[in-house]
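Note: the block below is entry-v6.txt and it holds compact mmCIF, C-alpha atoms and all ligand atoms.
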```txt
# COMPACT_ATOMS: atom_id res chain seq x y z
CA MET A 777 -14.29 -9.45 -14.44
CA ASP A 778 -12.90 -12.22 -16.59
CA SER A 779 -9.98 -14.44 -15.80
CA SER A 780 -8.71 -17.34 -17.85
CA LEU A 781 -6.66 -18.77 -14.98
CA GLN A 782 -7.53 -22.33 -13.97
CA ILE A 783 -6.87 -22.17 -10.24
CA GLU A 784 -6.25 -25.49 -8.52
CA VAL A 785 -7.00 -25.43 -4.80
CA THR A 786 -5.17 -27.75 -2.39
CA PRO A 787 -6.44 -27.18 1.15
CA THR A 788 -3.81 -27.39 3.88
CA PRO A 789 -3.83 -30.66 5.87
CA SER A 790 -2.84 -28.68 9.00
CA PRO A 791 -4.84 -25.45 9.33
CA VAL A 792 -4.14 -23.27 12.36
CA SER A 793 -6.42 -24.40 15.20
CA PRO A 794 -9.55 -22.34 15.96
CA GLU A 795 -8.13 -21.53 19.42
CA ARG A 796 -4.82 -20.25 18.03
CA LEU A 797 -6.61 -18.34 15.27
CA ALA A 798 -8.85 -16.61 17.83
CA GLU A 799 -5.72 -15.65 19.78
CA ILE A 800 -4.05 -14.20 16.66
CA LEU A 801 -7.16 -12.31 15.55
CA ALA A 802 -7.60 -10.83 19.03
CA ASN A 803 -4.25 -9.08 18.67
CA PRO A 804 -2.92 -9.43 15.11
CA GLY A 805 -0.37 -6.58 14.99
CA PHE A 806 0.87 -6.00 11.45
CA GLY A 807 2.64 -8.41 9.09
CA LEU A 808 3.40 -10.94 11.79
CA HIS A 809 1.05 -13.86 11.19
CA PHE A 810 0.23 -15.44 7.84
CA THR A 811 -2.83 -17.34 6.75
CA ASP A 812 -3.08 -21.08 6.00
CA HIS A 813 -2.67 -20.72 2.22
CA MET A 814 -0.93 -18.79 -0.52
CA PHE A 815 -1.66 -18.21 -4.19
CA VAL A 816 1.07 -19.01 -6.74
CA VAL A 817 1.31 -18.73 -10.52
CA GLU A 818 4.40 -18.89 -12.72
CA TRP A 819 5.40 -17.40 -16.04
CA THR A 820 7.81 -18.08 -18.87
CA PRO A 821 7.86 -16.38 -22.28
CA GLU A 822 6.86 -19.69 -23.92
CA LYS A 823 4.02 -20.70 -21.60
CA GLY A 824 2.72 -17.36 -20.37
CA TRP A 825 1.08 -17.65 -16.92
CA TYR A 826 0.73 -21.29 -15.88
CA ASP A 827 0.10 -23.58 -12.87
CA ALA A 828 -2.15 -21.19 -10.94
CA ARG A 829 -2.79 -22.67 -7.53
CA VAL A 830 -3.85 -22.05 -3.96
CA THR A 831 -1.58 -24.21 -1.81
CA PRO A 832 -0.67 -24.54 1.87
CA TYR A 833 1.40 -21.53 3.02
CA ALA A 834 5.04 -22.67 3.04
CA PRO A 835 8.59 -21.36 2.62
CA LEU A 836 9.90 -21.14 -0.94
CA SER A 837 13.04 -22.99 -1.91
CA ILE A 838 15.24 -20.44 -3.68
CA ASP A 839 18.44 -21.22 -5.57
CA PRO A 840 21.24 -18.84 -4.46
CA ALA A 841 21.56 -17.65 -8.07
CA THR A 842 17.89 -16.64 -8.35
CA ALA A 843 17.88 -13.33 -10.21
CA VAL A 844 15.75 -11.30 -7.75
CA LEU A 845 18.33 -11.83 -4.98
CA HIS A 846 20.93 -10.07 -7.10
CA TYR A 847 19.17 -7.48 -9.25
CA ALA A 848 15.96 -6.78 -7.32
CA GLN A 849 13.57 -7.27 -10.23
CA GLU A 850 10.48 -7.32 -8.02
CA ILE A 851 7.14 -5.51 -7.61
CA PHE A 852 4.34 -5.73 -5.09
CA GLU A 853 0.90 -4.50 -4.10
CA GLY A 854 -0.82 -3.89 -0.78
CA MET A 855 -4.56 -4.03 -0.16
CA LYS A 856 -7.05 -5.15 2.45
CA ALA A 857 -10.09 -7.42 2.77
CA TYR A 858 -12.76 -6.03 5.10
CA ARG A 859 -15.48 -7.92 6.91
CA HIS A 860 -18.81 -6.12 7.10
CA GLU A 861 -21.25 -6.42 9.99
CA ASP A 862 -23.37 -8.94 8.03
CA GLY A 863 -20.37 -11.27 7.73
CA SER A 864 -19.67 -10.59 4.05
CA VAL A 865 -16.06 -9.91 2.93
CA TRP A 866 -15.02 -7.18 0.49
CA THR A 867 -11.94 -5.67 -1.10
CA PHE A 868 -11.52 -1.99 -2.00
CA ARG A 869 -10.96 -1.08 -5.67
CA PRO A 870 -8.91 -4.23 -6.45
CA GLU A 871 -8.84 -3.38 -10.19
CA GLU A 872 -6.86 -0.26 -9.25
CA ASN A 873 -4.22 -2.38 -7.53
CA ALA A 874 -4.22 -4.67 -10.56
CA ALA A 875 -3.78 -1.77 -12.98
CA ARG A 876 -0.98 -0.31 -10.88
CA MET A 877 0.77 -3.68 -10.82
CA VAL A 878 0.61 -3.72 -14.63
CA ARG A 879 2.28 -0.26 -14.67
CA SER A 880 4.91 -1.40 -12.16
CA ALA A 881 5.53 -4.54 -14.25
CA ARG A 882 6.19 -2.45 -17.36
CA ARG A 883 8.74 -0.30 -15.51
CA LEU A 884 10.56 -3.32 -14.08
CA ALA A 885 10.45 -5.31 -17.36
CA LEU A 886 8.29 -7.97 -15.73
CA PRO A 887 5.37 -9.70 -17.49
CA GLU A 888 1.93 -8.15 -17.13
CA LEU A 889 -0.63 -10.07 -15.10
CA PRO A 890 -4.04 -9.24 -16.60
CA VAL A 891 -6.35 -7.24 -14.31
CA GLY A 892 -8.96 -10.03 -14.20
CA ASP A 893 -6.34 -12.61 -13.20
CA PHE A 894 -5.01 -10.36 -10.44
CA VAL A 895 -8.50 -9.89 -8.98
CA ALA A 896 -9.19 -13.63 -9.32
CA SER A 897 -5.94 -14.45 -7.47
CA VAL A 898 -6.83 -12.21 -4.52
CA ASP A 899 -10.42 -13.50 -4.45
CA ALA A 900 -9.19 -17.12 -4.49
CA LEU A 901 -6.85 -16.63 -1.54
CA VAL A 902 -9.32 -14.58 0.52
CA ARG A 903 -12.01 -17.21 -0.07
CA ALA A 904 -9.66 -20.03 0.96
CA ASP A 905 -8.66 -18.14 4.11
CA GLU A 906 -11.96 -16.44 4.84
CA ARG A 907 -11.84 -17.41 8.53
CA TRP A 908 -8.71 -15.22 8.81
CA VAL A 909 -10.64 -12.04 7.97
CA PRO A 910 -11.19 -10.44 11.40
CA GLU A 911 -14.45 -8.99 12.68
CA PRO A 912 -14.71 -5.29 11.77
CA ALA A 913 -14.60 -4.02 15.37
CA GLY A 914 -11.49 -1.90 15.97
CA GLU A 915 -10.84 -1.48 12.25
CA LYS A 916 -9.24 -4.88 11.84
CA SER A 917 -8.81 -6.33 8.35
CA LEU A 918 -6.92 -8.94 6.36
CA TYR A 919 -3.90 -7.31 4.69
CA VAL A 920 -3.26 -8.87 1.28
CA ARG A 921 0.18 -8.76 -0.34
CA PRO A 922 0.41 -9.73 -4.05
CA PHE A 923 3.99 -9.72 -5.39
CA MET A 924 5.97 -10.80 -8.43
CA PHE A 925 9.68 -11.52 -8.74
CA ALA A 926 12.44 -12.68 -11.09
CA SER A 927 12.73 -16.39 -10.28
CA GLU A 928 15.07 -17.47 -13.07
CA VAL A 929 18.33 -19.04 -11.90
CA PHE A 930 20.78 -16.91 -13.87
CA LEU A 931 23.30 -14.22 -13.01
CA GLY A 932 23.25 -12.47 -16.39
CA VAL A 933 21.75 -9.00 -16.37
CA ARG A 934 18.54 -9.07 -18.40
CA PRO A 935 14.81 -9.44 -17.69
CA SER A 936 14.14 -12.78 -16.03
CA GLN A 937 12.79 -15.55 -18.25
CA HIS A 938 11.05 -17.18 -15.29
CA VAL A 939 8.78 -15.12 -13.07
CA THR A 940 6.74 -16.09 -10.01
CA TYR A 941 3.68 -14.23 -8.73
CA LEU A 942 2.31 -14.94 -5.27
CA VAL A 943 -0.37 -13.64 -2.97
CA ILE A 944 -0.02 -13.97 0.78
CA ALA A 945 -2.25 -12.51 3.50
CA SER A 946 -1.85 -11.41 7.09
CA PRO A 947 -4.48 -10.24 9.58
CA ALA A 948 -3.96 -6.60 10.61
CA GLY A 949 -5.06 -4.77 13.71
CA ALA A 950 -5.96 -1.12 13.95
CA TYR A 951 -2.88 0.91 13.10
CA PHE A 952 -3.61 3.12 16.09
CA SER A 953 -5.01 1.51 19.21
CA LYS A 954 -6.45 4.77 20.59
CA GLY A 955 -7.63 6.40 17.37
CA PRO A 956 -5.30 8.19 15.00
CA GLN A 957 -2.25 9.76 16.65
CA PRO A 958 -0.33 12.48 14.79
CA VAL A 959 3.02 11.35 13.40
CA SER A 960 6.13 13.49 13.38
CA ILE A 961 8.07 13.87 10.15
CA TRP A 962 11.80 14.19 9.49
CA LEU A 963 12.66 16.07 6.32
CA SER A 964 15.29 14.12 4.41
CA GLU A 965 17.73 16.53 2.80
CA ASP A 966 20.54 14.03 2.12
CA TYR A 967 18.55 11.25 0.48
CA THR A 968 15.89 11.19 -2.24
CA ARG A 969 13.62 8.30 -3.20
CA ALA A 970 13.15 8.87 -6.94
CA GLY A 971 14.50 10.94 -9.79
CA ARG A 972 13.29 11.74 -13.29
CA GLY A 973 13.04 8.52 -15.26
CA GLY A 974 13.51 6.43 -12.11
CA MET A 975 11.18 3.97 -10.38
CA GLY A 976 9.28 6.36 -8.11
CA ALA A 977 5.89 5.57 -9.59
CA ALA A 978 6.45 1.81 -9.44
CA LYS A 979 5.64 -0.18 -6.33
CA THR A 980 8.94 -2.00 -6.06
CA GLY A 981 11.08 -3.19 -3.18
CA GLY A 982 14.04 -1.15 -4.39
CA ASN A 983 12.30 2.10 -3.50
CA TYR A 984 11.84 0.82 0.02
CA ALA A 985 15.44 -0.39 0.24
CA SER A 986 16.67 3.08 -0.67
CA SER A 987 14.35 4.73 1.89
CA LEU A 988 15.50 2.72 4.89
CA VAL A 989 18.61 4.73 5.74
CA ALA A 990 16.55 7.94 5.62
CA GLN A 991 13.91 6.34 7.84
CA GLN A 992 16.69 5.30 10.23
CA GLU A 993 17.83 8.92 10.34
CA ALA A 994 14.23 10.00 11.08
CA ILE A 995 14.07 7.63 14.06
CA ALA A 996 17.44 8.86 15.31
CA GLU A 997 16.03 12.40 15.13
CA GLY A 998 13.07 11.35 17.25
CA CYS A 999 10.60 11.35 14.34
CA ASP A 1000 8.16 8.66 13.20
CA GLN A 1001 8.45 8.99 9.42
CA VAL A 1002 10.59 10.58 6.74
CA ALA A 1003 9.45 12.99 3.99
CA PHE A 1004 11.29 13.10 0.68
CA LEU A 1005 11.87 16.07 -1.60
CA ASP A 1006 12.26 16.07 -5.38
CA ALA A 1007 15.68 14.88 -6.52
CA ALA A 1008 16.32 17.68 -9.03
CA GLU A 1009 15.98 20.80 -6.86
CA GLY A 1010 15.34 19.59 -3.32
CA LYS A 1011 12.51 22.08 -3.21
CA TYR A 1012 9.22 20.24 -3.73
CA VAL A 1013 7.56 17.85 -1.30
CA GLU A 1014 7.06 14.40 -2.79
CA GLU A 1015 5.81 11.88 -0.23
CA LEU A 1016 6.67 9.82 2.83
CA GLY A 1017 8.46 6.48 2.48
CA GLY A 1018 5.14 4.72 1.94
CA MET A 1019 2.34 7.30 2.19
CA ASN A 1020 1.12 10.27 0.15
CA LEU A 1021 0.64 13.73 1.67
CA TYR A 1022 -2.23 16.24 1.88
CA PHE A 1023 -2.19 19.86 3.05
CA VAL A 1024 -5.39 21.59 4.22
CA GLN A 1025 -5.34 25.38 3.76
CA ASP A 1026 -7.27 28.03 5.65
CA ASP A 1027 -9.07 29.09 2.44
CA GLY A 1028 -10.70 25.66 2.37
CA THR A 1029 -8.67 24.16 -0.49
CA ILE A 1030 -6.71 20.98 -0.01
CA VAL A 1031 -3.41 20.54 -1.84
CA THR A 1032 -1.66 17.28 -2.67
CA PRO A 1033 1.61 17.10 -4.61
CA ALA A 1034 0.97 16.37 -8.30
CA THR A 1035 2.27 12.98 -9.45
CA SER A 1036 4.65 13.13 -12.38
CA GLY A 1037 6.58 9.89 -12.29
CA THR A 1038 8.48 10.28 -9.03
CA ILE A 1039 5.54 9.90 -6.64
CA LEU A 1040 3.72 6.63 -6.08
CA GLU A 1041 0.12 6.98 -7.25
CA GLY A 1042 -1.65 5.88 -4.08
CA ILE A 1043 -5.14 4.44 -4.40
CA THR A 1044 -6.00 6.03 -1.07
CA ARG A 1045 -4.68 9.32 -2.48
CA SER A 1046 -6.84 9.19 -5.61
CA SER A 1047 -9.90 7.99 -3.66
CA ILE A 1048 -9.54 10.96 -1.31
CA ILE A 1049 -9.57 13.35 -4.28
CA GLU A 1050 -12.95 11.94 -5.35
CA LEU A 1051 -14.26 11.75 -1.80
CA CYS A 1052 -13.30 15.37 -1.08
CA GLY A 1053 -15.29 16.46 -4.13
CA LYS A 1054 -18.35 14.81 -2.63
CA LEU A 1055 -17.65 16.31 0.79
CA GLY A 1056 -17.49 19.77 -0.78
CA HIS A 1057 -13.72 20.36 -0.46
CA ARG A 1058 -11.72 21.67 -3.39
CA VAL A 1059 -8.62 19.56 -4.06
CA VAL A 1060 -5.72 20.93 -6.06
CA GLU A 1061 -2.94 18.72 -7.40
CA ARG A 1062 0.15 20.82 -7.96
CA PRO A 1063 3.83 21.03 -7.07
CA PHE A 1064 4.06 21.97 -3.38
CA THR A 1065 7.28 23.36 -1.91
CA VAL A 1066 8.72 22.51 1.46
CA ASP A 1067 8.83 26.26 2.17
CA GLU A 1068 5.06 26.42 1.70
CA TRP A 1069 4.76 23.62 4.25
CA ARG A 1070 7.11 25.27 6.78
CA ASP A 1071 5.75 28.81 6.36
CA GLY A 1072 2.13 27.71 6.10
CA VAL A 1073 2.21 25.78 9.37
CA ALA A 1074 4.10 28.62 11.07
CA SER A 1075 1.67 31.30 9.87
CA GLY A 1076 -1.46 29.19 10.28
CA SER A 1077 -2.41 29.27 6.59
CA ILE A 1078 -2.01 25.49 6.63
CA THR A 1079 -4.46 24.21 9.18
CA GLU A 1080 -3.97 20.45 8.84
CA VAL A 1081 -1.51 18.02 7.25
CA PHE A 1082 -2.26 14.36 6.78
CA ALA A 1083 -0.69 11.30 5.18
CA CYS A 1084 -2.57 8.48 3.52
CA GLY A 1085 -2.07 4.89 2.39
CA THR A 1086 -3.74 1.48 2.66
CA ALA A 1087 -2.07 0.41 5.90
CA ALA A 1088 -2.90 3.42 8.10
CA VAL A 1089 -5.69 4.88 5.87
CA VAL A 1090 -5.46 8.56 6.90
CA THR A 1091 -2.92 9.68 9.49
CA PRO A 1092 -2.60 13.19 10.92
CA VAL A 1093 0.85 14.76 10.64
CA GLY A 1094 2.03 16.78 13.62
CA THR A 1095 5.57 18.15 13.70
CA LEU A 1096 7.82 18.69 10.67
CA LYS A 1097 11.46 18.64 11.72
CA TRP A 1098 14.59 19.38 9.70
CA ARG A 1099 18.26 20.02 10.41
CA GLY A 1100 18.07 23.26 12.34
CA GLY A 1101 14.40 23.68 13.13
CA SER A 1102 10.84 22.42 13.37
CA VAL A 1103 7.27 23.62 13.00
CA GLY A 1104 3.93 22.38 14.24
CA GLU A 1105 3.13 20.35 17.27
CA GLY A 1106 -0.31 19.41 18.38
CA ASP A 1107 -1.61 16.03 19.36
CA GLN A 1108 -5.00 16.63 17.78
CA THR A 1109 -6.57 15.23 14.64
CA GLY A 1110 -7.96 18.16 12.65
CA PRO A 1111 -11.62 18.24 11.57
CA VAL A 1112 -10.98 17.78 7.84
CA THR A 1113 -8.55 14.89 8.48
CA GLN A 1114 -11.13 13.27 10.74
CA GLN A 1115 -13.96 13.81 8.25
CA VAL A 1116 -12.01 12.33 5.32
CA ARG A 1117 -10.81 9.40 7.40
CA THR A 1118 -14.29 8.53 8.68
CA ALA A 1119 -15.89 8.89 5.24
CA LEU A 1120 -13.38 6.48 3.70
CA VAL A 1121 -13.34 3.92 6.50
CA ASP A 1122 -17.16 3.89 6.62
CA ILE A 1123 -17.30 2.92 2.94
CA GLN A 1124 -14.64 0.24 3.41
CA TYR A 1125 -16.48 -1.35 6.34
CA GLY A 1126 -19.90 -1.04 4.71
CA ARG A 1127 -21.22 1.51 7.20
CA ALA A 1128 -21.81 4.14 4.50
CA GLU A 1129 -23.32 3.77 1.07
CA ASP A 1130 -20.73 3.00 -1.59
CA THR A 1131 -21.85 5.65 -4.08
CA PHE A 1132 -18.61 5.33 -6.08
CA GLY A 1133 -18.92 1.56 -6.65
CA TRP A 1134 -15.51 1.01 -5.03
CA MET A 1135 -16.23 -2.16 -3.08
CA HIS A 1136 -15.79 -5.65 -4.56
CA ARG A 1137 -17.55 -8.53 -2.84
CA VAL A 1138 -15.43 -11.65 -2.28
CA VAL A 1139 -17.46 -13.73 0.20
C1 LIG A 1201 1.83 1.87 -1.56
C2 LIG A 1201 2.44 3.22 -1.43
C3 LIG A 1201 1.68 4.36 -1.13
C4 LIG A 1201 0.20 4.31 -0.80
O1 LIG A 1201 -0.57 3.72 -1.80
P1 LIG A 1201 -2.02 3.15 -1.46
O2 LIG A 1201 -2.46 2.57 -2.76
O3 LIG A 1201 -2.84 4.27 -1.02
O4 LIG A 1201 -1.83 2.14 -0.39
C5 LIG A 1201 2.32 5.59 -1.10
N1 LIG A 1201 3.64 5.70 -1.32
C6 LIG A 1201 4.41 4.61 -1.59
C7 LIG A 1201 5.87 4.80 -1.82
C8 LIG A 1201 3.84 3.34 -1.65
O5 LIG A 1201 4.61 2.28 -1.91
```
Show the structure stored in the file as structure tokens.
Amino acid sequence: MDSSLQIEVTPTPSPVSPERLAEILANPGFGLHFTDHMFVVEWTPEKGWYDARVTPYAPLSIDPATAVLHYAQEIFEGMKAYRHEDGSVWTFRPEENAARMVRSARRLALPELPVGDFVASVDALVRADERWVPEPAGEKSLYVRPFMFASEVFLGVRPSQHVTYLVIASPAGAYFSKGPQPVSIWLSEDYTRAGRGGMGAAKTGGNYASSLVAQQEAIAEGCDQVAFLDAAEGKYVEELGGMNLYFVQDDGTIVTPATSGTILEGITRSSIIELCGKLGHRVVERPFTVDEWRDGVASGSITEVFACGTAAVVTPVGTLKWRGGSVGEGDQTGPVTQQVRTALVDIQYGRAEDTFGWMHRVV
């Protein structure tokens, strides 16, 4: 893929010591430790994208009047770099993240970073910080976070005339130390995450900001995650705060809520649709009501529910709880959930043939 960016690389004079790095990679957690470098490129309407560089990881100096701090004009992506057994390093469908960032940019009136430049930026950082990509054992990976924000110093309300795009990276451990554990879900009936014409399909910090109070409520109710319903009728299941949902039915079909502008189009979600075809499962994308979820679990016509996203890949859903009741328990991962999860993870870690051409070699 082509990129016209001239990326200048300045290696850090003080890389993390091999001993400290080994300590971090042994137990990385999530989003806690950052690599030695970061990628930066800036934009103005006159210059376009300029000054692309890989530089030592460091705090940014932000003027208090920087636009993003006031009006939240910001978008991001989330992806992973995987080390295979032979030592090579790969990303998963990076052009999909790039294309989604272009769509998010349009919605937030931010400049578009060309797909080739996005992929080149991630490749450049992962190559510079290759030693931070953990060994594959225990499903460890390097989580990569590209993001773009309004960096103009101006309090007027209009699209920023100075924009900064960065890529940072953080080693990530297995989401579940003892294999996937079912999560419990709180049904949010007071809050929604996206309405018609809103930002639901964009990967932007504002969607997360608006989900936090609902997530707080979920925790207070003893649940792990929150599920949102459509804003218009409060009838259809949309998604979790940061993961898409799948429902396995006893007739063998698998249903996932159709995306129509209010649901984030997960790359894990769309990959699972293709993967299920190959595994011989029929996937239907359609509106799915919360009553179907409740009644289906209660009657047994829904045999498994799972959530999916880059961070946790595929996660079984146990209990659904709402004000006044709950259905489902179980501490098991269902067979379809397990099969889909294994099929996907095996491609990502190079243990299964990549028949879809999803993997992109970086190192
Ligand atoms: C990122 C995200 C997802 C999952 O997308 P993936 O591309 O699969 O990681 C789902 N929902 C929301 C709201 C998200 O921000």
Which residue is closest to ligand LIG 1201 (chain A)? Choose from A:Tyr919, A:Tyr941, A:Phe925, A:Phe1132 and count all atoms listed in the file.
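Between A:Tyr919, A:Tyr941, A:Phe925, A:Phe1132, the residue approaching ligand LIG 1201 (chain A) most closely is A:Tyr919.
Minimum atom-to-atom distance to Val1139 in chain A, evaluated using all atoms listed in the file, belongs to A:Ala904 out of A:Leu1040, A:Ala904, A:Ala913, A:Ala1003.
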Box along x, y and z, 3 Å on every side, all listed atoms of ligand LIG 1201 (chain A) inside: centre and edge lengths in Å to one decimal, as lines of an AutoDock Vina configuration file.
```
center_x = 1.5
center_y = 3.8
center_z = -1.6
size_x = 14.7
size_y = 9.8
size_z = 8.4
```
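Computed from the coordinates, the CA of Lys979 in chain A to atom O5 of ligand LIG 1201 (chain A) distance equals 5.2 Å.
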Proximity to ligand LIG 1201 (chain A) - best of A:Arg859, A:Arg829, A:Arg1045, A:Arg934, only C-alpha atoms and all ligand atoms:
A:Arg1045
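Put simply, CA of Asn1020 in chain A is 22.0 Å away from CA of Tyr858 in chain A.
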